[in-house]
Structures are given as C-alpha cells and as structure tokens.
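What follows is a single structure, written as structure tokens, with notes after it.
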Amino acid sequence: MSGVKRGYARALDLKHGRVDMSHGAGGRAMMQLIAELFTHHLGNAYLGQGNDGAVLPAPVLNGKVARLVMATDGHVVSPLFFPGGDIGCLSVHGTLNDVAVMGATPLYIAAGFILEEGFALADLARIVESMASAARQAGVPVVTGDTKVVERGKGDGVFITTTGVGVMPDGLDLGGARARPGDVVLVSGTMGDHGVAIMSLRENLSFEAAIASDTAALHGLIAQLLATGADIRCLRDPTRGGLASTLNEIATQSGVGMVLQEKAIPVKPVVAAACEFLGLDPLYVANEGKLIVICTAADAPSLLATLQAHPLGADAAQIGTVVADAHHFVQLHTAFGGRRIVDWLTGEQLPRIC
C-alpha cells in the first residue's frame, strides 16, 4: 500500500457500482457519493456552502421583503423511469408546481434521498442528472439535501422528498376557499396522461399512439396568467386523485358546487381508450403538468387565450362552472345527455403514481 496516497478513494463506478450501506453512514463513502454525484450535478453557490442547511438571502419583490411560500412532497413512483420522465424530474416539477399554484415564484429546492442498498449507481446518476436538468430549465437551484441508505429489501430503489420555497407578493390571495357561484373552471390541457403512462408501462401495454407523462414545471405559465391582472380565485395542479378529487376538494373548501361538461373536458383518444381497457376513469387519473384555473366569468376568455398561447396550455379548455350547492357536489353533464355525481376518489385507483 506504500504507493497509495493516504485518504485516497477510488472514483465511483457509475457504470457497474451499487449503493451500499456505507453510502449512508456519514463517512468517507457518503461524502464521496455526495461530492461525485449529487454536488457534481446539482452544485451551486448555496449547495456549495456544505453545511447542514443553506443560508439564503431574504426575498425581495418590488423593493419589499415579500411573503414566503413553502411546500414539500414525497415521491415514490414505480417504475422509476417512464415515458416522458422519471422520478428525478418529477420530484422537481411536483414541488415547483405546488409552490407556483399559490401564486409564488419558486426560488429554491431542498431534496432528501432514501436509497436502498444494492441500487445501481448508473440509475442513481441518471435520476440525479434528470433532477439537475429540470432544476436548470426551471431556474430554481437545489440548495440543500440529505441522503440515507436502508438495508436491501427495506426500500424500493429510491424515494425522494423535495421541499420548495418561493416568494409571493403582498395582496395576492389564491386558495381553494375562494371559489364563488358564477365562476368558471378552466383546465390547461388533456387529463390523465401521467397516470395512464405509468399504468401502461406497469402492465406492458402498447397502443398505436405513444402515451407519455405530462410532467412539467408550470411556474412560467402561471406567471403569465398572473401578469394579465385577471381575477383568479384558485389555481391547482390535479395530481393524485386527478381532476375529480381536486375539484371536490375545492368545492368543499369554498362551500360551493360545480357543474362540468364531459364533452368539454380534453382527454386524448389514446388515453381514453387505455382507461376504458384498464377500467379507469380519466377524471380520477393523476396529472403532473396540468393546471386547474378557477376565475370570474368575465376574465375567463382572456385567461383561456393566455393558456392556449403557451406551449403547456395548447389544449386548454373551459370545462364547467361554479354553482351554489349546500351539498358541495361536483356534477357532470355526460356526453349522452345525462347527469352524474363526480364524487371523491374512494381508495387508491393507481398506487405509487408520483
């Protein structure tokens, strides 16, 4: 060993290597994993401080210290890689969107990783690179994080928890309790793409047209909506539970009902066909790059035009109205001329979807 420098560590084998318990033990192997993988791809001035937390500048908006918005989300999607994305970009997009629908500009992300012993370093590198790319494209850096390793069989490859921090101007108030009778319900695009992409991959199904996840960061689109000055009551991203469960949540928060038009709700034909084959209702299937907008009727046309002018809103549509209803029901006028209640999702239609 005389020819080996003291403290020398062989570079990570990102092609064939595996996560082992030492990578979560707090010692040299863990520091090497952080330096050669996480810091290498996610590095920035804040992450580079190397402390247990990041010291961040006070947020200033229009010359004033602004309000902070924070959201956290856990990601356990299975499989880890799917058409249109993976757990890496999904963990960034999901948290950014939770911050953005509050009307805030996302500033920073924190990330926590639970790794299973034996997980391939090549797959971990692919995930971290995807996270880094998503963060760069969004202009929101990962500024702090944590990594833990659990024994083989005690996890499922990798779980990621992300926390986002954003800044919101005074006077802006968006929330699920603000919908009023007479308001209009808009969606930014087709429903069910993400959930069906995941389920099709799990079931080894193929269709004539490819089904890909819609995972995307929505803060740019939301910023354009807010810039119109329109009276927006509420913004939501219909993830787990889909459109139906999200609208039920808003109806309950606001003490109102909603009436939707099935013909107006955009669903890709291939997604509709897959849902029919799998026995799913696209209204309950998760989305990861779509937006619900509830606004006044007067502002609906301009907001719809703004959505449709953006690449992430090309298929936007007006799908219903808010009504007075003491029971807080969400109702659907069906394509066959009937009417049915669109209730809360009962149970878990698609587990491990995000």
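Ordering of the structure tokens sets the chain letters (A, B, ...), residue numbers begin anew at 1 in every chain, and ligands are numbered from 1 in the order given.
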Shell of 8 Å around A:Gly257, only C-alpha atoms, local chain residues under 6 positions omitted, as a list in words: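 Counting only the stated atoms, we get Pro181, Ala251, Val322, Val323, Ala324, Asp325, Ala326, His327, His328, Phe329, Val330 and Gln331 of chain A.
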Surrounding residues of A:Leu218 excluding itself and chain neighbours under 5 positions, 8 Å, only C-alpha atoms, as a ChimeraX atom specification: /A:93,96-97,100,289-291,312
Distance criterion (only C-alpha atoms): nearest to A:Ala230 out of A:Asn248, A:Thr306, A:Ser188, A:Ser130: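 Closest residue, counting only C-alpha atoms: A:Thr306.
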Which of stretch 21-224 of chain A DSSP labels strand (DSSP E), written as JSON, numbers by chain: {"A": [60, 61, 64, 65, 67, 68, 69, 70, 71, 72, 73, 74, 75, 81, 82, 85, 86, 105, 106, 107, 108, 109, 110, 111, 112, 113, 114, 115, 116, 142, 143, 144, 145, 146, 147, 148, 149, 150, 158, 159, 160, 161, 162, 163, 164, 165, 166, 167, 168, 184, 185, 186, 187]}
Write out the residues from the selection above, keeping N, CA and C atoms, as a compact mmCIF listing (two decimals), in the first residue's frame.
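Dumped everything to out_20.txt:
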# COMPACT_ATOMS: atom_id res chain seq x y z
N VAL A 60 -36.83 39.58 -1.85
CA VAL A 60 -37.31 40.94 -2.06
C VAL A 60 -38.09 40.98 -3.36
N LEU A 61 -39.26 41.56 -3.32
CA LEU A 61 -40.10 41.67 -4.50
C LEU A 61 -40.63 43.09 -4.58
N LYS A 64 -39.59 45.30 -1.70
CA LYS A 64 -40.06 45.00 -0.35
C LYS A 64 -39.78 43.53 -0.02
N VAL A 65 -39.53 43.26 1.26
CA VAL A 65 -39.41 41.88 1.69
C VAL A 65 -40.77 41.23 1.54
N ARG A 67 -43.61 37.77 1.18
CA ARG A 67 -44.03 36.59 1.93
C ARG A 67 -43.41 35.33 1.33
N LEU A 68 -43.07 34.39 2.19
CA LEU A 68 -42.53 33.12 1.75
C LEU A 68 -43.64 32.07 1.63
N VAL A 69 -43.51 31.22 0.64
CA VAL A 69 -44.38 30.07 0.47
C VAL A 69 -43.50 28.83 0.44
N MET A 70 -43.88 27.79 1.17
CA MET A 70 -43.10 26.56 1.20
C MET A 70 -44.02 25.37 1.01
N ALA A 71 -43.57 24.39 0.25
CA ALA A 71 -44.34 23.17 0.01
C ALA A 71 -43.37 22.00 0.00
N THR A 72 -43.83 20.86 0.47
CA THR A 72 -43.00 19.65 0.45
C THR A 72 -43.78 18.49 -0.13
N ASP A 73 -43.07 17.55 -0.75
CA ASP A 73 -43.74 16.46 -1.44
C ASP A 73 -42.82 15.24 -1.45
N GLY A 74 -43.39 14.06 -1.21
CA GLY A 74 -42.64 12.81 -1.29
C GLY A 74 -42.95 12.11 -2.60
N HIS A 75 -41.92 11.47 -3.18
CA HIS A 75 -42.08 10.84 -4.49
C HIS A 75 -41.64 9.38 -4.41
N PHE A 81 -38.50 5.01 -13.96
CA PHE A 81 -38.35 5.61 -15.29
C PHE A 81 -39.58 5.27 -16.12
N PHE A 82 -40.13 6.26 -16.78
CA PHE A 82 -41.36 6.06 -17.54
C PHE A 82 -41.36 6.97 -18.76
N GLY A 85 -40.53 10.92 -18.64
CA GLY A 85 -39.87 11.41 -17.44
C GLY A 85 -39.37 10.31 -16.54
N ASP A 86 -39.08 10.67 -15.30
CA ASP A 86 -38.57 9.75 -14.29
C ASP A 86 -38.77 10.40 -12.93
N THR A 105 -43.38 32.75 -6.80
CA THR A 105 -42.27 32.45 -7.69
C THR A 105 -41.32 31.50 -6.98
N PRO A 106 -41.13 30.28 -7.47
CA PRO A 106 -40.22 29.35 -6.80
C PRO A 106 -38.78 29.86 -6.83
N LEU A 107 -38.10 29.72 -5.70
CA LEU A 107 -36.72 30.20 -5.58
C LEU A 107 -35.72 29.08 -5.35
N TYR A 108 -36.04 28.16 -4.45
CA TYR A 108 -35.08 27.14 -4.03
C TYR A 108 -35.78 25.80 -3.81
N ILE A 109 -34.98 24.74 -3.90
CA ILE A 109 -35.46 23.39 -3.62
C ILE A 109 -34.48 22.70 -2.68
N ALA A 110 -35.02 21.94 -1.73
CA ALA A 110 -34.24 21.01 -0.92
C ALA A 110 -34.66 19.60 -1.30
N ALA A 111 -33.72 18.67 -1.26
CA ALA A 111 -34.01 17.31 -1.69
C ALA A 111 -33.47 16.29 -0.69
N GLY A 112 -34.29 15.30 -0.35
CA GLY A 112 -33.88 14.21 0.52
C GLY A 112 -34.03 12.88 -0.21
N PHE A 113 -33.00 12.04 -0.15
CA PHE A 113 -32.99 10.76 -0.85
C PHE A 113 -32.95 9.61 0.15
N ILE A 114 -33.83 8.65 -0.02
CA ILE A 114 -33.76 7.37 0.68
C ILE A 114 -33.36 6.33 -0.36
N LEU A 115 -32.16 5.78 -0.23
CA LEU A 115 -31.62 4.82 -1.19
C LEU A 115 -31.61 3.43 -0.58
N GLU A 116 -31.92 2.44 -1.41
CA GLU A 116 -31.87 1.06 -0.96
C GLU A 116 -30.51 0.46 -1.29
N VAL A 142 -31.28 23.46 -6.52
CA VAL A 142 -31.35 22.61 -5.33
C VAL A 142 -30.26 23.10 -4.39
N VAL A 143 -30.63 23.62 -3.21
CA VAL A 143 -29.67 24.32 -2.36
C VAL A 143 -29.24 23.52 -1.14
N THR A 144 -29.95 22.46 -0.79
CA THR A 144 -29.55 21.63 0.34
C THR A 144 -30.24 20.28 0.21
N GLY A 145 -29.73 19.30 0.94
CA GLY A 145 -30.33 17.98 0.81
C GLY A 145 -29.78 17.01 1.84
N ASP A 146 -30.23 15.77 1.74
CA ASP A 146 -29.80 14.74 2.66
C ASP A 146 -29.93 13.39 1.95
N THR A 147 -29.07 12.44 2.34
CA THR A 147 -29.09 11.11 1.77
C THR A 147 -29.03 10.08 2.88
N LYS A 148 -29.92 9.11 2.83
CA LYS A 148 -29.91 7.98 3.74
C LYS A 148 -29.95 6.69 2.93
N VAL A 149 -29.33 5.63 3.46
CA VAL A 149 -29.36 4.32 2.83
C VAL A 149 -29.98 3.33 3.79
N VAL A 150 -30.93 2.54 3.29
CA VAL A 150 -31.57 1.50 4.10
C VAL A 150 -31.13 0.13 3.57
N VAL A 158 -35.25 3.86 -4.73
CA VAL A 158 -35.03 5.23 -4.27
C VAL A 158 -36.36 5.92 -4.05
N PHE A 159 -36.46 6.63 -2.95
CA PHE A 159 -37.56 7.56 -2.67
C PHE A 159 -36.95 8.95 -2.56
N ILE A 160 -37.67 9.96 -3.03
CA ILE A 160 -37.17 11.33 -2.99
C ILE A 160 -38.22 12.24 -2.37
N THR A 161 -37.79 13.03 -1.41
CA THR A 161 -38.63 14.08 -0.85
C THR A 161 -38.03 15.43 -1.22
N THR A 162 -38.84 16.30 -1.78
CA THR A 162 -38.37 17.64 -2.14
C THR A 162 -39.23 18.69 -1.44
N THR A 163 -38.56 19.76 -1.05
CA THR A 163 -39.23 20.91 -0.45
C THR A 163 -38.90 22.14 -1.27
N GLY A 164 -39.90 22.92 -1.60
CA GLY A 164 -39.69 24.13 -2.38
C GLY A 164 -40.03 25.37 -1.59
N VAL A 165 -39.27 26.42 -1.82
CA VAL A 165 -39.51 27.71 -1.20
C VAL A 165 -39.69 28.75 -2.30
N GLY A 166 -40.71 29.57 -2.14
CA GLY A 166 -40.97 30.62 -3.12
C GLY A 166 -41.36 31.92 -2.45
N VAL A 167 -41.50 32.95 -3.25
CA VAL A 167 -41.82 34.28 -2.74
C VAL A 167 -43.10 34.77 -3.41
N MET A 168 -43.98 35.36 -2.59
CA MET A 168 -45.28 35.80 -3.08
C MET A 168 -45.52 37.25 -2.67
N VAL A 184 -65.89 30.33 -13.29
CA VAL A 184 -65.67 29.40 -14.40
C VAL A 184 -64.48 28.51 -14.08
N VAL A 185 -64.55 27.26 -14.54
CA VAL A 185 -63.47 26.28 -14.34
C VAL A 185 -62.76 26.05 -15.68
N LEU A 186 -61.45 26.31 -15.68
CA LEU A 186 -60.61 26.06 -16.85
C LEU A 186 -59.59 24.98 -16.52
N VAL A 187 -59.16 24.24 -17.53
CA VAL A 187 -58.02 23.34 -17.38
C VAL A 187 -57.02 23.66 -18.49
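For A:Gln261, the set of protein, DNA and RNA residues having any atom at most 10 Å away, when counting only C-alpha atoms and skipping those fewer than 2 positions along the same chain, is Val259, Lys263, Ala264, Ile265, Gln318, Ile319, Gly320, Thr321, Gln331, Leu332, His333, Thr334, Ala335, Gly337 and Arg339 of chain A.
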File of the preceding selection, all heavy atoms, as a compact mmCIF listing (two decimals), in the first residue's frame:
# COMPACT_ATOMS: atom_id res chain seq x y z
N VAL A 259 -70.53 22.25 -11.79
CA VAL A 259 -71.17 21.51 -12.87
C VAL A 259 -70.21 21.50 -14.04
O VAL A 259 -69.82 22.55 -14.56
CB VAL A 259 -72.51 22.15 -13.28
CG1 VAL A 259 -73.11 21.39 -14.46
CG2 VAL A 259 -73.48 22.17 -12.10
N LYS A 263 -68.18 16.70 -22.50
CA LYS A 263 -67.70 16.92 -23.85
C LYS A 263 -66.59 17.97 -23.91
O LYS A 263 -65.78 17.97 -24.85
CB LYS A 263 -68.86 17.35 -24.77
CG LYS A 263 -69.85 16.24 -25.09
CD LYS A 263 -70.90 16.72 -26.06
CE LYS A 263 -71.88 15.61 -26.44
NZ LYS A 263 -72.92 16.10 -27.37
N ALA A 264 -66.56 18.87 -22.92
CA ALA A 264 -65.58 19.95 -22.93
C ALA A 264 -64.25 19.54 -22.30
O ALA A 264 -63.25 20.23 -22.48
CB ALA A 264 -66.14 21.17 -22.20
N ILE A 265 -64.22 18.44 -21.55
CA ILE A 265 -63.01 18.04 -20.84
C ILE A 265 -62.05 17.36 -21.81
O ILE A 265 -62.38 16.32 -22.38
CB ILE A 265 -63.34 17.10 -19.67
CG1 ILE A 265 -64.26 17.80 -18.68
CG2 ILE A 265 -62.05 16.64 -18.97
CD1 ILE A 265 -64.78 16.90 -17.57
N GLN A 318 -62.40 25.46 -21.36
CA GLN A 318 -63.35 25.80 -20.30
C GLN A 318 -64.26 24.60 -20.11
O GLN A 318 -64.93 24.16 -21.04
CB GLN A 318 -64.17 27.04 -20.70
CG GLN A 318 -65.20 27.45 -19.66
CD GLN A 318 -65.89 28.75 -20.01
OE1 GLN A 318 -65.26 29.67 -20.55
NE2 GLN A 318 -67.18 28.85 -19.72
N ILE A 319 -64.30 24.05 -18.90
CA ILE A 319 -64.98 22.76 -18.71
C ILE A 319 -66.18 22.82 -17.78
O ILE A 319 -66.90 21.83 -17.65
CB ILE A 319 -64.00 21.70 -18.17
CG1 ILE A 319 -63.51 22.07 -16.77
CG2 ILE A 319 -62.84 21.50 -19.14
CD1 ILE A 319 -62.80 20.92 -16.06
N GLY A 320 -66.44 23.96 -17.13
CA GLY A 320 -67.58 23.98 -16.23
C GLY A 320 -67.71 25.29 -15.48
O GLY A 320 -66.97 26.26 -15.74
N THR A 321 -68.67 25.30 -14.56
CA THR A 321 -68.95 26.50 -13.78
C THR A 321 -69.11 26.13 -12.31
O THR A 321 -69.37 24.98 -11.95
CB THR A 321 -70.25 27.17 -14.26
OG1 THR A 321 -71.32 26.22 -14.20
CG2 THR A 321 -70.10 27.68 -15.69
N GLN A 331 -70.88 17.85 -10.23
CA GLN A 331 -71.75 17.11 -11.13
C GLN A 331 -71.21 17.19 -12.56
O GLN A 331 -70.54 18.16 -12.93
CB GLN A 331 -73.17 17.66 -11.08
CG GLN A 331 -73.79 17.63 -9.69
CD GLN A 331 -75.21 18.17 -9.71
OE1 GLN A 331 -76.08 17.64 -10.38
NE2 GLN A 331 -75.44 19.23 -8.96
N LEU A 332 -71.54 16.16 -13.32
CA LEU A 332 -71.06 16.08 -14.70
C LEU A 332 -72.22 15.86 -15.65
O LEU A 332 -72.98 14.91 -15.50
CB LEU A 332 -70.06 14.92 -14.83
CG LEU A 332 -69.45 14.69 -16.23
CD1 LEU A 332 -68.42 15.77 -16.53
CD2 LEU A 332 -68.82 13.31 -16.30
N HIS A 333 -72.37 16.77 -16.61
CA HIS A 333 -73.29 16.53 -17.74
C HIS A 333 -72.57 15.60 -18.70
O HIS A 333 -71.56 15.98 -19.31
CB HIS A 333 -73.65 17.85 -18.43
CG HIS A 333 -74.65 18.68 -17.69
ND1 HIS A 333 -75.97 18.31 -17.55
CD2 HIS A 333 -74.52 19.87 -17.05
CE1 HIS A 333 -76.62 19.23 -16.86
NE2 HIS A 333 -75.76 20.19 -16.53
N THR A 334 -73.08 14.39 -18.85
CA THR A 334 -72.38 13.39 -19.65
C THR A 334 -72.58 13.62 -21.14
O THR A 334 -73.49 14.36 -21.57
CB THR A 334 -72.87 11.97 -19.30
OG1 THR A 334 -74.21 11.81 -19.78
CG2 THR A 334 -72.82 11.74 -17.80
N ALA A 335 -71.74 12.97 -21.92
CA ALA A 335 -71.83 13.09 -23.38
C ALA A 335 -73.13 12.51 -23.91
O ALA A 335 -73.54 12.82 -25.04
CB ALA A 335 -70.64 12.39 -24.02
N GLY A 337 -76.08 13.00 -22.49
CA GLY A 337 -77.19 13.85 -22.11
C GLY A 337 -77.68 13.66 -20.69
O GLY A 337 -78.62 14.33 -20.26
N ARG A 339 -76.77 13.13 -16.33
CA ARG A 339 -76.01 13.86 -15.31
C ARG A 339 -75.64 12.86 -14.21
O ARG A 339 -76.43 12.01 -13.83
CB ARG A 339 -76.83 15.00 -14.72
CG ARG A 339 -76.09 15.78 -13.64
CD ARG A 339 -76.94 16.90 -13.05
NE ARG A 339 -77.21 17.96 -14.00
CZ ARG A 339 -77.53 19.21 -13.65
NH1 ARG A 339 -77.64 19.53 -12.36
NH2 ARG A 339 -77.78 20.11 -14.55
Residue with smallest distance to A:Gly192 - pool A:Leu243, A:Val76, A:Ala11, A:Met30, counting only C-alpha atoms: A:Leu243
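Between A:Leu303 and the candidates A:Leu225, A:Ala286, A:Val256, A:Leu280, the tightest atom-to-atom separation, counting only C-alpha atoms, involves A:Leu225.
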Of the listed residues A:Leu172, A:Met21, A:Ala179, A:Ala134, that which approaches A:Ala216 most closely, counting only C-alpha atoms: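 Nearest to A:Ala216: A:Ala134.
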Secondary structure check, helix (DSSP H, G or I) residues of stretch 260-310 of chain A, as a VMD selection string: chain A and resid 262 to 264 269 to 278 282 to 284 300 to 308
Written file, previous selection with C-alpha atoms, as a CSV table (one decimal), in the first residue's frame:
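Contents of the output file result03.csv:
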chain,number,residue,atom,x,y,z
A,262,GLU,CA,-68.0,16.0,-20.2
A,263,LYS,CA,-67.7,16.9,-23.9
A,264,ALA,CA,-65.6,19.9,-22.9
A,269,PRO,CA,-58.2,9.5,-27.6
A,270,VAL,CA,-55.4,7.0,-26.7
A,271,VAL,CA,-55.7,7.9,-23.0
A,272,ALA,CA,-59.5,7.4,-23.2
A,273,ALA,CA,-59.0,4.0,-24.9
A,274,ALA,CA,-56.4,2.9,-22.3
A,275,CYS,CA,-58.7,4.0,-19.5
A,276,GLU,CA,-61.6,2.0,-20.9
A,277,PHE,CA,-59.3,-1.0,-21.4
A,278,LEU,CA,-58.0,-0.8,-17.8
A,282,PRO,CA,-59.6,9.6,-16.7
A,283,LEU,CA,-61.2,12.2,-14.4
A,284,TYR,CA,-59.6,10.4,-11.4
A,300,ALA,CA,-62.3,33.5,-18.4
A,301,PRO,CA,-61.9,34.4,-22.1
A,302,SER,CA,-58.7,36.3,-21.6
A,303,LEU,CA,-57.2,33.6,-19.3
A,304,LEU,CA,-58.2,30.8,-21.7
A,305,ALA,CA,-56.5,32.7,-24.6
A,306,THR,CA,-53.4,33.1,-22.4
A,307,LEU,CA,-53.3,29.4,-21.6
A,308,GLN,CA,-53.8,28.4,-25.2
Contacts of A:Leu33 within 10 Å, only C-alpha atoms, excl. fewer than 2 positions in-chain, as a list in words: Ala11, Leu12, Val19, Ser22, His23, Gly24, Arg28, Ala29, Met30, Met31, Ala35, Glu36, Leu37, Phe38, Thr39, His40, Leu121 and Thr147 of chain A
Proximity to A:Asp13 - best of A:Thr296, A:Gly27, A:Ser78, A:Ala120, only C-alpha atoms: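 Closest candidate: A:Ala120.
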